[in-house]
$ cat work.cif   # mmCIF, C-alpha atoms
data_start
loop_
_atom_site.group_PDB
_atom_site.id
_atom_site.type_symbol
_atom_site.label_atom_id
_atom_site.label_comp_id
_atom_site.auth_asym_id
_atom_site.auth_seq_id
_atom_site.Cartn_x
_atom_site.Cartn_y
_atom_site.Cartn_z
ATOM 1 C CA MET A 1 -40.189 -52.063 16.507
ATOM 2 C CA ALA A 2 -42.327 -55.152 16.901
ATOM 3 C CA ASP A 3 -43.936 -56.994 14.038
ATOM 4 C CA GLU A 4 -47.598 -56.178 13.750
ATOM 5 C CA ALA A 5 -50.432 -58.562 12.979
ATOM 6 C CA VAL A 6 -51.829 -57.758 9.555
ATOM 7 C CA GLY A 7 -55.587 -57.341 9.535
ATOM 8 C CA CYS A 8 -58.210 -55.863 7.275
ATOM 9 C CA ALA A 9 -58.925 -52.831 9.427
ATOM 10 C CA LYS A 10 -56.786 -49.936 8.288
ATOM 11 C CA PRO A 11 -54.755 -48.793 11.276
ATOM 12 C CA THR A 12 -53.536 -45.254 11.576
ATOM 13 C CA GLY A 13 -51.095 -43.263 13.668
ATOM 14 C CA THR A 14 -51.984 -41.520 16.890
ATOM 15 C CA VAL A 15 -50.381 -38.721 18.815
ATOM 16 C CA VAL A 16 -49.183 -39.789 22.241
ATOM 17 C CA GLY A 17 -48.303 -37.856 25.370
ATOM 18 C CA GLU A 18 -49.497 -34.395 26.237
ATOM 19 C CA LYS A 19 -52.694 -33.204 24.638
ATOM 20 C CA PRO A 20 -52.655 -29.723 23.195
ATOM 21 C CA ASN A 21 -53.537 -27.290 25.945
ATOM 22 C CA GLN A 22 -53.462 -23.614 26.699
ATOM 23 C CA ASP A 23 -50.254 -23.888 28.695
ATOM 24 C CA SER A 24 -48.296 -24.988 25.646
ATOM 25 C CA GLN A 25 -49.136 -21.690 23.919
ATOM 26 C CA PRO A 26 -47.824 -18.357 25.096
ATOM 27 C CA LYS A 27 -50.651 -16.459 26.792
ATOM 28 C CA GLY A 28 -52.326 -13.848 24.674
ATOM 29 C CA ASP A 29 -50.924 -15.204 21.417
ATOM 30 C CA ALA A 30 -53.235 -14.294 18.572
ATOM 31 C CA LYS A 31 -54.061 -17.419 16.610
ATOM 32 C CA PRO A 32 -53.197 -16.946 12.927
ATOM 33 C CA GLU A 33 -56.209 -17.486 10.693
ATOM 34 C CA GLY A 34 -56.579 -21.014 9.398
ATOM 35 C CA VAL A 35 -54.178 -22.523 11.885
ATOM 36 C CA SER A 36 -55.651 -25.428 13.759
ATOM 37 C CA ASP A 37 -55.641 -25.484 17.536
ATOM 38 C CA MET A 38 -54.108 -28.905 17.227
ATOM 39 C CA VAL A 39 -50.828 -27.744 15.740
ATOM 40 C CA GLN A 40 -48.226 -28.296 18.396
ATOM 41 C CA VAL A 41 -45.006 -28.042 16.480
ATOM 42 C CA ARG A 42 -42.613 -25.123 16.771
ATOM 43 C CA VAL A 43 -38.843 -24.892 16.436
ATOM 44 C CA GLY A 44 -37.109 -24.985 19.792
ATOM 45 C CA ARG A 45 -39.959 -26.970 21.323
ATOM 46 C CA LYS A 46 -40.361 -30.675 21.917
ATOM 47 C CA ALA A 47 -41.541 -32.577 18.843
ATOM 48 C CA PRO A 48 -45.034 -34.047 19.393
ATOM 49 C CA ASP A 49 -44.674 -37.754 20.099
ATOM 50 C CA PHE A 50 -46.634 -40.271 18.062
ATOM 51 C CA GLU A 51 -47.066 -43.957 17.498
ATOM 52 C CA ALA A 52 -47.997 -45.221 14.055
ATOM 53 C CA PRO A 53 -47.948 -48.274 11.805
ATOM 54 C CA ALA A 54 -45.061 -48.511 9.372
ATOM 55 C CA TRP A 55 -43.652 -50.607 6.545
ATOM 56 C CA HIS A 56 -39.989 -51.295 7.219
ATOM 57 C CA LYS A 57 -37.611 -53.645 5.426
ATOM 58 C CA GLY A 58 -40.270 -56.115 4.358
ATOM 59 C CA LYS A 59 -42.293 -56.073 7.542
ATOM 60 C CA MET A 60 -45.429 -54.452 8.911
ATOM 61 C CA THR A 61 -44.303 -52.822 12.122
ATOM 62 C CA SER A 62 -45.003 -49.794 14.269
ATOM 63 C CA VAL A 63 -42.813 -46.888 15.283
ATOM 64 C CA LYS A 64 -42.883 -44.467 18.181
ATOM 65 C CA LEU A 65 -41.020 -41.182 17.858
ATOM 66 C CA SER A 66 -39.906 -41.166 21.506
ATOM 67 C CA ASP A 67 -38.107 -44.484 20.911
ATOM 68 C CA TYR A 68 -35.638 -42.401 18.893
ATOM 69 C CA ALA A 69 -34.599 -40.312 21.910
ATOM 70 C CA GLY A 70 -30.835 -39.768 21.855
ATOM 71 C CA LYS A 71 -30.723 -39.740 18.066
ATOM 72 C CA TRP A 72 -31.230 -37.119 15.408
ATOM 73 C CA VAL A 73 -34.411 -37.733 13.429
ATOM 74 C CA LEU A 74 -35.347 -36.475 9.994
ATOM 75 C CA LEU A 75 -39.143 -36.641 9.830
ATOM 76 C CA CYS A 76 -40.459 -36.186 6.285
ATOM 77 C CA PHE A 77 -44.112 -35.766 5.391
ATOM 78 C CA TYR A 78 -45.093 -36.058 1.723
ATOM 79 C CA PRO A 79 -48.402 -35.958 -0.166
ATOM 80 C CA GLY A 80 -48.604 -39.562 -1.211
ATOM 81 C CA ASP A 81 -47.058 -42.712 -2.560
ATOM 82 C CA PHE A 82 -46.884 -42.859 -6.365
ATOM 83 C CA THR A 83 -46.871 -39.078 -6.671
ATOM 84 C CA PHE A 84 -44.262 -37.517 -8.855
ATOM 85 C CA VAL A 85 -41.877 -35.312 -6.926
ATOM 86 C CA MET B 1 -37.956 -40.365 -1.187
ATOM 87 C CA SER B 2 -35.494 -41.958 -3.541
ATOM 88 C CA ALA B 3 -33.304 -38.829 -3.315
ATOM 89 C CA VAL B 4 -33.163 -39.254 0.461
ATOM 90 C CA ALA B 5 -32.485 -42.974 0.073
ATOM 91 C CA GLY B 6 -29.435 -42.121 -2.038
ATOM 92 C CA LYS B 7 -28.045 -40.125 0.885
ATOM 93 C CA PHE B 8 -29.170 -42.512 3.612
ATOM 94 C CA ASP B 9 -25.660 -43.821 4.313
ATOM 95 C CA GLU B 10 -24.395 -40.259 4.710
ATOM 96 C CA LEU B 11 -27.285 -39.465 7.080
ATOM 97 C CA GLN B 12 -26.576 -42.588 9.111
ATOM 98 C CA LYS B 13 -22.907 -41.617 9.415
ATOM 99 C CA LEU B 14 -24.128 -38.345 10.907
ATOM 100 C CA GLY B 15 -26.286 -40.322 13.342
ATOM 101 C CA VAL B 16 -29.544 -39.301 11.694
ATOM 102 C CA GLU B 17 -32.511 -41.680 11.549
ATOM 103 C CA VAL B 18 -35.172 -41.123 8.900
ATOM 104 C CA LEU B 19 -38.945 -41.533 9.084
ATOM 105 C CA SER B 20 -41.195 -40.807 6.113
ATOM 106 C CA VAL B 21 -44.911 -40.212 6.612
ATOM 107 C CA SER B 22 -47.889 -40.123 4.268
ATOM 108 C CA VAL B 23 -51.581 -40.915 4.573
ATOM 109 C CA ASP B 24 -51.101 -44.099 2.550
ATOM 110 C CA SER B 25 -51.568 -47.423 4.314
ATOM 111 C CA THR B 26 -48.622 -49.687 5.039
ATOM 112 C CA PHE B 27 -49.993 -51.952 2.276
ATOM 113 C CA VAL B 28 -49.609 -49.123 -0.229
ATOM 114 C CA HIS B 29 -46.120 -48.337 1.121
ATOM 115 C CA LYS B 30 -45.196 -51.981 0.545
ATOM 116 C CA ILE B 31 -46.350 -52.008 -3.057
ATOM 117 C CA TRP B 32 -44.854 -48.577 -3.860
ATOM 118 C CA GLU B 33 -41.523 -49.781 -2.574
ATOM 119 C CA GLU B 34 -41.760 -53.049 -4.496
ATOM 120 C CA VAL B 35 -42.900 -51.772 -7.868
ATOM 121 C CA GLU B 36 -41.253 -48.367 -8.042
ATOM 122 C CA LEU B 37 -38.879 -47.222 -5.306
ATOM 123 C CA SER B 38 -36.844 -50.416 -5.443
ATOM 124 C CA LYS B 39 -36.030 -49.504 -9.049
ATOM 125 C CA MET B 40 -34.869 -46.013 -8.099
ATOM 126 C CA THR B 41 -32.727 -46.993 -5.103
ATOM 127 C CA LYS B 42 -29.993 -49.532 -4.437
ATOM 128 C CA ASP B 43 -31.738 -51.559 -1.734
ATOM 129 C CA GLY B 44 -35.220 -50.111 -1.483
ATOM 130 C CA ILE B 45 -36.235 -47.801 1.338
ATOM 131 C CA PRO B 46 -34.111 -48.484 4.437
ATOM 132 C CA TRP B 47 -36.203 -46.527 6.960
ATOM 133 C CA PRO B 48 -39.745 -47.038 8.333
ATOM 134 C CA MET B 49 -42.416 -45.727 5.963
ATOM 135 C CA VAL B 50 -45.037 -44.495 8.397
ATOM 136 C CA SER B 51 -48.780 -44.536 7.747
ATOM 137 C CA ASP B 52 -50.873 -41.569 8.888
ATOM 138 C CA GLY B 53 -54.221 -42.561 7.394
ATOM 139 C CA ALA B 54 -56.331 -40.317 9.607
ATOM 140 C CA GLY B 55 -53.948 -37.366 9.373
ATOM 141 C CA ASN B 56 -53.453 -37.297 13.147
ATOM 142 C CA LEU B 57 -49.698 -36.847 12.851
ATOM 143 C CA GLY B 58 -49.971 -34.307 10.064
ATOM 144 C CA ARG B 59 -52.411 -32.211 12.074
ATOM 145 C CA VAL B 60 -50.135 -31.728 15.082
ATOM 146 C CA TYR B 61 -47.187 -31.056 12.776
ATOM 147 C CA GLY B 62 -49.241 -28.469 10.878
ATOM 148 C CA VAL B 63 -48.951 -30.179 7.497
ATOM 149 C CA TYR B 64 -52.314 -31.906 7.111
ATOM 150 C CA ASP B 65 -54.374 -30.468 4.264
ATOM 151 C CA GLU B 66 -57.964 -31.064 5.383
ATOM 152 C CA ALA B 67 -59.462 -30.141 1.994
ATOM 153 C CA ASN B 68 -57.425 -32.696 0.090
ATOM 154 C CA GLY B 69 -56.922 -35.295 2.794
ATOM 155 C CA VAL B 70 -53.150 -35.448 2.416
ATOM 156 C CA ASN B 71 -50.063 -34.266 4.225
ATOM 157 C CA ILE B 72 -48.243 -31.513 2.399
ATOM 158 C CA ARG B 73 -44.479 -31.691 2.042
ATOM 159 C CA GLY B 74 -42.925 -31.012 5.440
ATOM 160 C CA ARG B 75 -39.481 -31.783 6.792
ATOM 161 C CA PHE B 76 -38.623 -31.659 10.484
ATOM 162 C CA LEU B 77 -35.159 -32.052 11.973
ATOM 163 C CA ILE B 78 -35.403 -33.297 15.559
ATOM 164 C CA ASP B 79 -32.401 -33.328 17.893
ATOM 165 C CA PRO B 80 -31.399 -36.080 20.378
ATOM 166 C CA ASP B 81 -33.427 -34.304 23.098
ATOM 167 C CA GLY B 82 -36.551 -34.581 20.953
ATOM 168 C CA VAL B 83 -36.590 -30.854 20.192
ATOM 169 C CA VAL B 84 -37.520 -29.620 16.715
ATOM 170 C CA GLN B 85 -34.519 -27.654 15.447
ATOM 171 C CA ALA B 86 -35.609 -26.984 11.881
ATOM 172 C CA MET B 87 -38.634 -27.337 9.687
ATOM 173 C CA GLU B 88 -39.460 -26.691 6.075
ATOM 174 C CA VAL B 89 -42.949 -26.921 4.616
ATOM 175 C CA MET B 90 -43.662 -26.679 0.912
ATOM 176 C CA THR B 91 -46.632 -26.932 -1.439
ATOM 177 C CA PRO B 92 -46.753 -30.188 -3.419
ATOM 178 C CA PRO B 93 -45.275 -29.398 -6.854
ATOM 179 C CA VAL B 94 -41.787 -28.473 -5.652
ATOM 180 C CA GLY B 95 -39.460 -31.115 -4.286
ATOM 181 C CA ARG B 96 -36.879 -30.686 -1.583
ATOM 182 C CA LYS B 97 -33.114 -30.820 -1.806
ATOM 183 C CA ILE B 98 -31.516 -33.348 0.526
ATOM 184 C CA GLU B 99 -28.107 -31.635 0.309
ATOM 185 C CA GLU B 100 -29.573 -28.597 2.089
ATOM 186 C CA THR B 101 -30.957 -30.827 4.828
ATOM 187 C CA ILE B 102 -27.533 -32.425 5.276
ATOM 188 C CA ARG B 103 -25.908 -28.986 5.448
ATOM 189 C CA GLN B 104 -28.332 -28.066 8.217
ATOM 190 C CA VAL B 105 -27.596 -31.318 10.077
ATOM 191 C CA HIS B 106 -23.877 -30.426 10.048
ATOM 192 C CA ALA B 107 -24.645 -26.897 11.257
ATOM 193 C CA PHE B 108 -27.041 -27.933 14.037
ATOM 194 C CA GLN B 109 -24.682 -30.659 15.215
ATOM 195 C CA HIS B 110 -21.824 -28.147 15.278
ATOM 196 C CA VAL B 111 -23.646 -25.512 17.323
ATOM 197 C CA ARG B 112 -24.937 -28.224 19.661
ATOM 198 C CA LYS B 113 -21.370 -29.447 20.240
ATOM 199 C CA MET B 114 -20.246 -25.878 20.939
ATOM 200 C CA LYS B 115 -23.101 -25.435 23.431
ATOM 201 C CA GLY B 116 -24.113 -22.035 22.094
ATOM 202 C CA ALA B 117 -20.590 -20.569 21.965
ATOM 203 C CA GLU B 118 -20.676 -20.514 18.178
ATOM 204 C CA ALA B 119 -23.249 -19.772 15.504
ATOM 205 C CA THR B 120 -23.117 -20.525 11.814
ATOM 206 C CA PRO B 121 -23.637 -17.598 9.421
ATOM 207 C CA ALA B 122 -25.792 -17.693 6.292
ATOM 208 C CA GLY B 123 -24.591 -20.204 3.732
ATOM 209 C CA TRP B 124 -22.235 -21.892 6.210
ATOM 210 C CA GLU B 125 -20.709 -25.173 5.094
ATOM 211 C CA PRO B 126 -18.650 -27.544 7.259
ATOM 212 C CA GLY B 127 -15.128 -26.130 7.595
ATOM 213 C CA ASP B 128 -16.238 -22.521 7.074
ATOM 214 C CA PRO B 129 -15.557 -20.015 9.867
ATOM 215 C CA THR B 130 -18.268 -19.640 12.490
ATOM 216 C CA LEU B 131 -19.353 -16.632 14.516
ATOM 217 C CA LYS B 132 -18.673 -16.309 18.233
ATOM 218 C CA PRO B 133 -21.658 -14.357 19.540
ATOM 219 C CA GLY B 134 -20.885 -11.886 22.342
ATOM 220 C CA PRO B 135 -20.541 -8.181 23.095
ATOM 221 C CA ASP B 136 -17.322 -7.927 21.061
ATOM 222 C CA LEU B 137 -19.110 -9.115 17.929
ATOM 223 C CA VAL B 138 -21.886 -6.519 18.075
ATOM 224 C CA GLY B 139 -21.583 -4.275 15.045
ATOM 225 C CA LYS B 140 -18.405 -6.103 13.980
ATOM 226 C CA VAL B 141 -19.803 -9.051 12.073
ATOM 227 C CA TRP B 142 -18.610 -7.338 8.868
ATOM 228 C CA LYS B 143 -15.023 -7.769 10.066
ATOM 229 C CA VAL B 144 -15.270 -11.534 10.329
ATOM 230 C CA TRP B 145 -17.908 -12.451 7.791
ATOM 231 C CA GLN B 146 -19.063 -11.246 4.374
ATOM 232 C CA PRO B 147 -21.784 -12.719 2.165
ATOM 233 C CA LYS B 148 -20.388 -15.083 -0.450
#

$ encode --input "work.cif" --output "structure tokens"
Amino acid sequence: MADEAVGCAKPTGTVVGEKPNQDSQPKGDAKPEGVSDMVQVRVGRKAPDFEAPAWHKGKMTSVKLSDYAGKWVLLCFYPGDFTFV
Amino acid sequence: MSAVAGKFDELQKLGVEVLSVSVDSTFVHKIWEEVELSKMTKDGIPWPMVSDGAGNLGRVYGVYDEANGVNIRGRFLIDPDGVVQAMEVMTPPVGRKIEETIRQVHAFQHVRKMKGAEATPAGWEPGDPTLKPGPDLVGKVWKVWQPK
């Protein structure tokens, strides 16, 4: 995790690696209503890789999920900083 | 987040790394840690607080709420091969329980070590008996396991 230059532009995370494609979905699978074509996550399948800016121990840095290969990872999404739960 | 921070040492002992993700910028993460989380945890947040401002990560993980522009609560347990072993997604008002996540880490690590020779029944805790799936167990689970 390298230190990142801090600028005014707001950086964001990006998905890296394979783009979602038909081959990653079982053929003939009916798409549940409201589910985006972009959703790639399913238990038993490879976690979508990503690279994104992060705040870690007093530094602006960036993380890449695939750098954690060989380790267990607990990936937690939450609605927002300063929320209550 | 602070609940997970309180169990971070235990997670690390199990070889689990933590990443938290929200749509907030790293600047907001910094200030949240400084003004609030540092007062709810011993040494602040020890893992990378990831910024997903455009929701790109949330979208592929199926947790991005387009209408509200936030990621809903979603927890993914990823094994050393990069495979998602467990996930839990919840609407915003209800928080998670880290103890349940840790129980699942123990269970997934156990079945991984046993290479499929054992499975953990409902409610399994470390030290409890496991199931040995195979023809002999078909119809006989009641002999070796009962609900608590």

$ resolve_selection --input "work.cif" --expression "the PyMOL selection byres ((chain A) within 6 of (chain B))" --output "list of chain:residue names"
A:Thr12, A:Gly13, A:Thr14, A:Met38, A:Val39, A:Gln40, A:Val41, A:Val43, A:Gly44, A:Arg45, A:Lys46, A:Ala47, A:Pro53, A:Ala54, A:Trp55, A:His56, A:Ala69, A:Gly70, A:Lys71, A:Trp72, A:Val73, A:Leu74, A:Leu75, A:Cys76, A:Phe77, A:Tyr78, A:Pro79, A:Gly80, A:Val85

$ residues_near_point --input "work.cif" --point "(-50.7, -55.5, 12.1)" --cutoff "10 Å" --atoms "all atoms listed in the file" --output "number ranges by chain"
A: 2-11, 53-54, 59-62; B: 26

$ closest_residue --input "work.cif" --among "A:Val63, A:Pro48, A:Phe82, A:Lys57" --to "Val15 of chain A" --atoms "only C-alpha atoms"
A:Pro48

$ atom_distance --input "work.cif" --atom1 "atom CA of Glu51 of chain A" --atom2 "atom CA of Glu66 of chain B"
20.8 Å

$ atom_distance --input "work.cif" --atom1 "atom CA of Pro126 of chain B" --atom2 "atom CA of Ala5 of chain B"
21.9 Å

$ residues_around --input "work.cif" --residues "Lys115 of chain B" --least-positions-apart "6" --cutoff "12 Å" --atoms "only C-alpha atoms" --output "PyMOL selection string"
chain B and resi 108-109+132-133

$ atom_distance --input "work.cif" --atom1 "atom CA of Ala52 of chain A" --atom2 "atom CA of Ala67 of chain B"
22.5 Å

$ axis_aligned_box --input "work.cif" --around "segment 53-71 of chain A" --padding-each-side "3 Å" --output "lines of an AutoDock Vina configuration file"
center_x = -39.3
center_y = -47.9
center_z = 13.1
size_x = 23.2
size_y = 22.4
size_z = 23.6
